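**Student:** Just passing along the structure, written as structure tokens.
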Amino acid sequence: MSKSADKQDKKTLSQFASTKEIRDAMRDLYHRLQDVEDFRRSASVKYSLSLAFMLLIIGLMIGKNDPTNIALFLNTPGIKIQIAKLLGYSGAIPSKQVFLRLLAQTPPSSFMTVIDEWMREYFPPGNAHIALDGKAVRAALEKIMDQHHPPYNLGAVCVGTGMFIMQERVGKKTNETASLRGFAAKLELNNSYATIDAAGTHSDIASIIISSNGHFALPTKDNQKHLRLAIEAAFMQPDEVTCSKIDIFDDDRSDVKAHGRYERRIARVLPVLPGTKLYRFIQASSFRDMVGAVGMIERYREVEKRNELGERISEPTKQVVYYIMDEADMTAKKLNELVRAHWSIESCHYVMDMVFQEDASTIRTGYAMENMSLIRKIAHNLLRLFRKVFSKGTRCVSFQHTRDRVLTDLGCLSGIFKPYSQRELRALKLKC
């Protein structure tokens, strides 16, 4: 990720310098959720969708990972008093059956529209790095014996802030690659870089990214075998046109040593110049006029282990991956940063599984799995903001510590359910 993009991301997060700013954002989210289309037709509706979804978000933020435990905990007499006193809601708390029914029957499209508008206002992704990847929810299988086809959600993470900005479920009769086309079309990249794993290396996805005013760095593996071989040949045997216009490949090296592992990355970038064999190959392929440069990253890794005798040994490995980029002026340093930063989405998925226990969730009726996954991502984003505030002046605190802090001090969420006054509504209109 470029320094300017990283600076912009830090500036975006700096507006949440205290719990008050986070509370205001959550309060705004609660009132925006009232715009979600309610599928219920009865005039005697006891709980609104916005109330139920906001209570689920709060329950996840204070350490409960499923609607059953959230309903039991929020219905505890002492907690109900604090919710009424601090959060501004004095009504009854929905039961687990109400939570599950609302999750199962609410269409996620209208829910995602409201969340998308809220996220774009508070966390605009412009001039940043967006990482796209799929994630399975393995315990939500519709058929217990079908372990090879768990439901998948596609997610997009703004790498600099660590915030999820979009989600969509992979269709039952399709795969991640096919769903990526529609998912990428919904992103408004605004000069951002988009990175995907090899499943997203297709010409139509690259075209969608460019049409969204974005840039891409996509790996080429066996799904684009002939393109990968052509790029490999260009690096191994550069032709006369290439040698006459550049003296040496643009390269960058980085070394990392941590957790008993040593890793060296060597990144090289080669522009696709007219008149070269690679240029003619790309022009004859489906990537015509979309590739400005190609890259190669060599990873040398040594992992320290102990053998059967207890002796410390190191196991060296080497991996070479080739990339295509749309920018002809892409540097090796920038490519190295993009590739390393892309895998930060895996750390977000790790938090979803280890902190929120998403992979162990068996919720799967109707739209429940997709809606609950989206609510977890909202809670993740809000906890990341609280984590930043709680870490001021100290070492970085964990997500679990942040959840404990929110639970022991519900005052940091005070006034979330409080209605807007006329003066506040006028101020909001002026802001918009």
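By order in the structure tokens, chains are A, B, ...; within a chain, residues start at 1; ligands start at 1, following the order shown.
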Please return, as a PyMOL selection string, all residues of range 155-307 of chain A that DSSP assigns to strand (DSSP E or B) on the basis of the backbone.
**Tutor:** chain A and resi 155-158+163-169+193-195+215-220+250-258+261-271+293-306
**Student:** Assign secondary structure with DSSP using the backbone only, and return the residues of range 153-320 of chain A in helix (DSSP H, G or I) as a PyMOL selection string.
**Tutor:** chain A and resi 176-185+198-200+203-211+222-236+240-245+277-283
**Student:** If you take only C-alpha atoms and a cut-off of 9 Å, which residues of range 136-232 of chain A touch range 284-294 of chain A, and what are their nearest atom pairs and distances in Å to one decimal, in chain and number order, as a tab-separated table?
**Tutor:**
```
residue	atom	partner	partner_atom	distance
A:His202	CA	A:Phe287	CA	8.2
A:Ser203	CA	A:Phe287	CA	5.3
A:Asp204	CA	A:Ser286	CA	8.4
A:Ala206	CA	A:Met290	CA	7.5
A:Ser207	CA	A:Met290	CA	7.3
A:Ile210	CA	A:Met290	CA	8.1
A:Ala217	CA	A:Val294	CA	8.9
A:Leu227	CA	A:Ser285	CA	8.6
A:Ile231	CA	A:Val294	CA	7.0
```
**Student:** Got time to write the residues from that selection, N, CA, C and O atoms, as a PDB file, in the first residue's frame?
**Tutor:**
```pdb
ATOM      1  N   HIS A 202      -9.362 -13.059 -13.755  1.00  0.00           N
ATOM      2  CA  HIS A 202     -10.121 -13.247 -14.987  1.00  0.00           C
ATOM      3  C   HIS A 202     -10.266 -11.895 -15.670  1.00  0.00           C
ATOM      4  O   HIS A 202     -10.312 -10.853 -15.007  1.00  0.00           O
ATOM      5  N   SER A 203     -10.355 -11.912 -16.967  1.00  0.00           N
ATOM      6  CA  SER A 203     -10.383 -10.667 -17.735  1.00  0.00           C
ATOM      7  C   SER A 203     -11.616  -9.830 -17.426  1.00  0.00           C
ATOM      8  O   SER A 203     -11.538  -8.598 -17.365  1.00  0.00           O
ATOM      9  N   ASP A 204     -12.779 -10.481 -17.214  1.00  0.00           N
ATOM     10  CA  ASP A 204     -13.980  -9.702 -16.947  1.00  0.00           C
ATOM     11  C   ASP A 204     -13.913  -9.027 -15.576  1.00  0.00           C
ATOM     12  O   ASP A 204     -14.395  -7.906 -15.400  1.00  0.00           O
ATOM     13  N   ALA A 206     -11.049  -8.082 -14.119  1.00  0.00           N
ATOM     14  CA  ALA A 206     -10.093  -6.987 -14.321  1.00  0.00           C
ATOM     15  C   ALA A 206     -10.753  -5.807 -15.019  1.00  0.00           C
ATOM     16  O   ALA A 206     -10.511  -4.642 -14.677  1.00  0.00           O
ATOM     17  N   SER A 207     -11.614  -6.099 -15.994  1.00  0.00           N
ATOM     18  CA  SER A 207     -12.319  -5.031 -16.704  1.00  0.00           C
ATOM     19  C   SER A 207     -13.265  -4.284 -15.772  1.00  0.00           C
ATOM     20  O   SER A 207     -13.388  -3.057 -15.843  1.00  0.00           O
ATOM     21  N   ILE A 210     -11.242  -1.879 -13.576  1.00  0.00           N
ATOM     22  CA  ILE A 210     -10.815  -0.689 -14.317  1.00  0.00           C
ATOM     23  C   ILE A 210     -11.992   0.245 -14.562  1.00  0.00           C
ATOM     24  O   ILE A 210     -11.876   1.468 -14.428  1.00  0.00           O
ATOM     25  N   ALA A 217      -3.831  -5.788  -8.947  1.00  0.00           N
ATOM     26  CA  ALA A 217      -2.617  -6.606  -8.960  1.00  0.00           C
ATOM     27  C   ALA A 217      -3.084  -8.030  -8.705  1.00  0.00           C
ATOM     28  O   ALA A 217      -3.418  -8.389  -7.575  1.00  0.00           O
ATOM     29  N   LEU A 227      -0.821 -17.705 -19.679  1.00  0.00           N
ATOM     30  CA  LEU A 227      -0.386 -16.353 -19.332  1.00  0.00           C
ATOM     31  C   LEU A 227       0.782 -16.413 -18.346  1.00  0.00           C
ATOM     32  O   LEU A 227       1.754 -15.666 -18.477  1.00  0.00           O
ATOM     33  N   ILE A 231       4.599 -14.866 -18.947  1.00  0.00           N
ATOM     34  CA  ILE A 231       5.250 -13.913 -18.034  1.00  0.00           C
ATOM     35  C   ILE A 231       6.570 -14.488 -17.540  1.00  0.00           C
ATOM     36  O   ILE A 231       7.588 -13.783 -17.457  1.00  0.00           O
TER      37      ILE A 231
END
```
**Student:** Nearest residue to Lys221 in chain A out of A:Asp24, A:Ala128, A:Lys46, A:Val320, using only C-alpha atoms?
**Tutor:**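 So, comparing all the options, the nearest one is A:Val320.
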**Student:** Could you give me, as a PyMOL selection string, the residues within 8 Å of range 156-172 of chain A, counting only C-alpha atoms and dropping anything in the same chain fewer than 5 positions from it?
**Tutor:** chain A and resi 5-6+9-10+13+112+116+119-120+125+128-133+151+179+183+341-342+344-345+348+370+374+377-378+380-381+384
**Student:** Using only C-alpha atoms, which protein or nucleic acid residues come within 8 Å of Arg387 in chain A? Drop anything in the same chain fewer than 3 positions from it, and give the result as a ChimeraX atom specification.
**Tutor:** /A:383-384,390-391,396-399,402
**Student:** Do you know which residues are at most 8 Å from range 259-269 of chain A counting only C-alpha atoms, after dropping those on the same chain fewer than 3 positions away, and could you put them as a list in words?
**Tutor:**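 Neighbouring residues, sequence-local ones excluded: Phe249, Asp250, Asp251, Asp252, Arg253, Ser254, Asp255, Val256, Ala293, Val294, Gly295, Met296, Ile297, Glu298, Arg299, Tyr300, Arg301, Glu302, Val303, Glu304, Met330, Thr331, Ala332, Lys333, Leu335 and Asn336 of chain A.
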**Student:** Which residue, A:Asp239, A:Glu308, A:Asp329, A:Asp197, has the smallest gap to Tyr279 in chain A when you use only C-alpha atoms?
**Tutor:**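 Among the listed residues, A:Asp239 lies closest to Tyr279 in chain A.
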**Student:** Pick out the closest residue to Leu103 in chain A from this set: A:Leu56, A:Val272, A:Ala230, A:Met352. Count only C-alpha atoms.
**Tutor:** A:Leu56
**Student:** Calculated over only C-alpha atoms, which of the candidates A:Gly63, A:His31, A:Ile22, A:Pro271 has the smallest distance to Arg405 in chain A?
**Tutor:**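 For Arg405 in chain A, the nearest of the candidates is A:Gly63.
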**Student:** As an exercise, work out the distance from CA of Thr362 in chain A to CA of Glu176 in chain A in Å and give it to one decimal place.
**Tutor:** 21.1 Å
**Student:** Interatomic distance between CA of Pro219 in chain A and CA of Phe235 in chain A?
**Tutor:** 15.2 Å
**Student:** Do a neighbour search on Tyr30 in chain A at 9 Å with only C-alpha atoms, toss out local chain neighbours closer than 2 positions, and write the hits as a list in words.
**Tutor:** Ala25, Met26, Arg27, Asp28, Arg32, Leu33, Gln34, Ser50, Leu51, Phe53, Met54, Ile416 and Phe417 of chain A
**Student:** May I have the residues from that selection written out with N, CA and C atoms, as a PDB file, in the first residue's frame?
**Tutor:**
```pdb
ATOM      1  N   ALA A  25     -21.543   7.595  16.000  1.00  0.00           N
ATOM      2  CA  ALA A  25     -21.632   6.773  14.793  1.00  0.00           C
ATOM      3  C   ALA A  25     -22.602   5.616  15.000  1.00  0.00           C
ATOM      4  N   MET A  26     -22.585   4.997  16.188  1.00  0.00           N
ATOM      5  CA  MET A  26     -23.506   3.897  16.473  1.00  0.00           C
ATOM      6  C   MET A  26     -24.944   4.390  16.567  1.00  0.00           C
ATOM      7  N   ARG A  27     -25.122   5.551  17.132  1.00  0.00           N
ATOM      8  CA  ARG A  27     -26.471   6.117  17.218  1.00  0.00           C
ATOM      9  C   ARG A  27     -27.014   6.410  15.823  1.00  0.00           C
ATOM     10  N   ASP A  28     -26.158   6.937  14.972  1.00  0.00           N
ATOM     11  CA  ASP A  28     -26.560   7.186  13.589  1.00  0.00           C
ATOM     12  C   ASP A  28     -26.890   5.876  12.890  1.00  0.00           C
ATOM     13  N   ARG A  32     -30.376   4.781  11.094  1.00  0.00           N
ATOM     14  CA  ARG A  32     -30.362   4.385   9.689  1.00  0.00           C
ATOM     15  C   ARG A  32     -30.993   3.002   9.495  1.00  0.00           C
ATOM     16  N   LEU A  33     -30.818   2.121  10.478  1.00  0.00           N
ATOM     17  CA  LEU A  33     -31.393   0.784  10.369  1.00  0.00           C
ATOM     18  C   LEU A  33     -32.915   0.816  10.325  1.00  0.00           C
ATOM     19  N   GLN A  34     -33.521   1.919  10.722  1.00  0.00           N
ATOM     20  CA  GLN A  34     -34.966   2.039  10.633  1.00  0.00           C
ATOM     21  C   GLN A  34     -35.444   2.114   9.185  1.00  0.00           C
ATOM     22  N   SER A  50     -34.680  -2.436  13.471  1.00  0.00           N
ATOM     23  CA  SER A  50     -33.516  -1.650  13.896  1.00  0.00           C
ATOM     24  C   SER A  50     -33.143  -1.957  15.341  1.00  0.00           C
ATOM     25  N   LEU A  51     -34.169  -2.118  16.204  1.00  0.00           N
ATOM     26  CA  LEU A  51     -33.910  -2.448  17.605  1.00  0.00           C
ATOM     27  C   LEU A  51     -33.256  -3.815  17.732  1.00  0.00           C
ATOM     28  N   PHE A  53     -31.609  -5.668  15.488  1.00  0.00           N
ATOM     29  CA  PHE A  53     -30.267  -5.736  14.920  1.00  0.00           C
ATOM     30  C   PHE A  53     -29.255  -4.986  15.786  1.00  0.00           C
ATOM     31  N   MET A  54     -29.672  -3.843  16.360  1.00  0.00           N
ATOM     32  CA  MET A  54     -28.744  -3.086  17.201  1.00  0.00           C
ATOM     33  C   MET A  54     -28.442  -3.828  18.491  1.00  0.00           C
ATOM     34  N   ILE A 416     -27.353   5.403  22.845  1.00  0.00           N
ATOM     35  CA  ILE A 416     -27.443   4.901  21.467  1.00  0.00           C
ATOM     36  C   ILE A 416     -28.887   4.873  20.973  1.00  0.00           C
ATOM     37  N   PHE A 417     -29.826   4.480  21.844  1.00  0.00           N
ATOM     38  CA  PHE A 417     -31.229   4.372  21.447  1.00  0.00           C
ATOM     39  C   PHE A 417     -32.004   5.669  21.658  1.00  0.00           C
TER      40      PHE A 417
END
```
**Student:** Extract, using only C-alpha atoms, all DNA, RNA and protein residues at most 8 Å from Gly200 in chain A, discarding same-chain residues fewer than 6 positions from it, and format them as a ChimeraX atom specification.
**Tutor:** /A:177,180,218
**Student:** Just the selected residues (C-alpha atoms), exported as a PDB file, in the first residue's frame, please.
**Tutor:**
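out.pdb written:
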```pdb
ATOM      1  CA  THR A 177     -15.104 -17.099  -8.988  1.00  0.00           C
ATOM      2  CA  LEU A 180     -16.729 -12.307  -7.683  1.00  0.00           C
ATOM      3  CA  LEU A 218      -3.744 -10.174  -9.703  1.00  0.00           C
TER       4      LEU A 218
END
```
**Student:** For each of A:Gln400, A:Thr408, A:Ser361, A:Gln422, take the minimum atom-to-atom distance to Ala139 in chain A, counting only C-alpha atoms, then give the residue where this is smallest.
**Tutor:**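 Of A:Gln400, A:Thr408, A:Ser361, A:Gln422, the one nearest Ala139 in chain A, counting only C-alpha atoms, is A:Ser361.
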**Student:** Given the choices A:Met354, A:Leu49, A:Ile282, A:Leu55, which gets closest to Ile83 in chain A if the distance is worked out from only C-alpha atoms?
**Tutor:** A:Leu55
**Student:** Just how far from CA of Tyr367 in chain A is CA of Gly88 in chain A, in Å to one decimal?
**Tutor:**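 The value is 29.3 Å.
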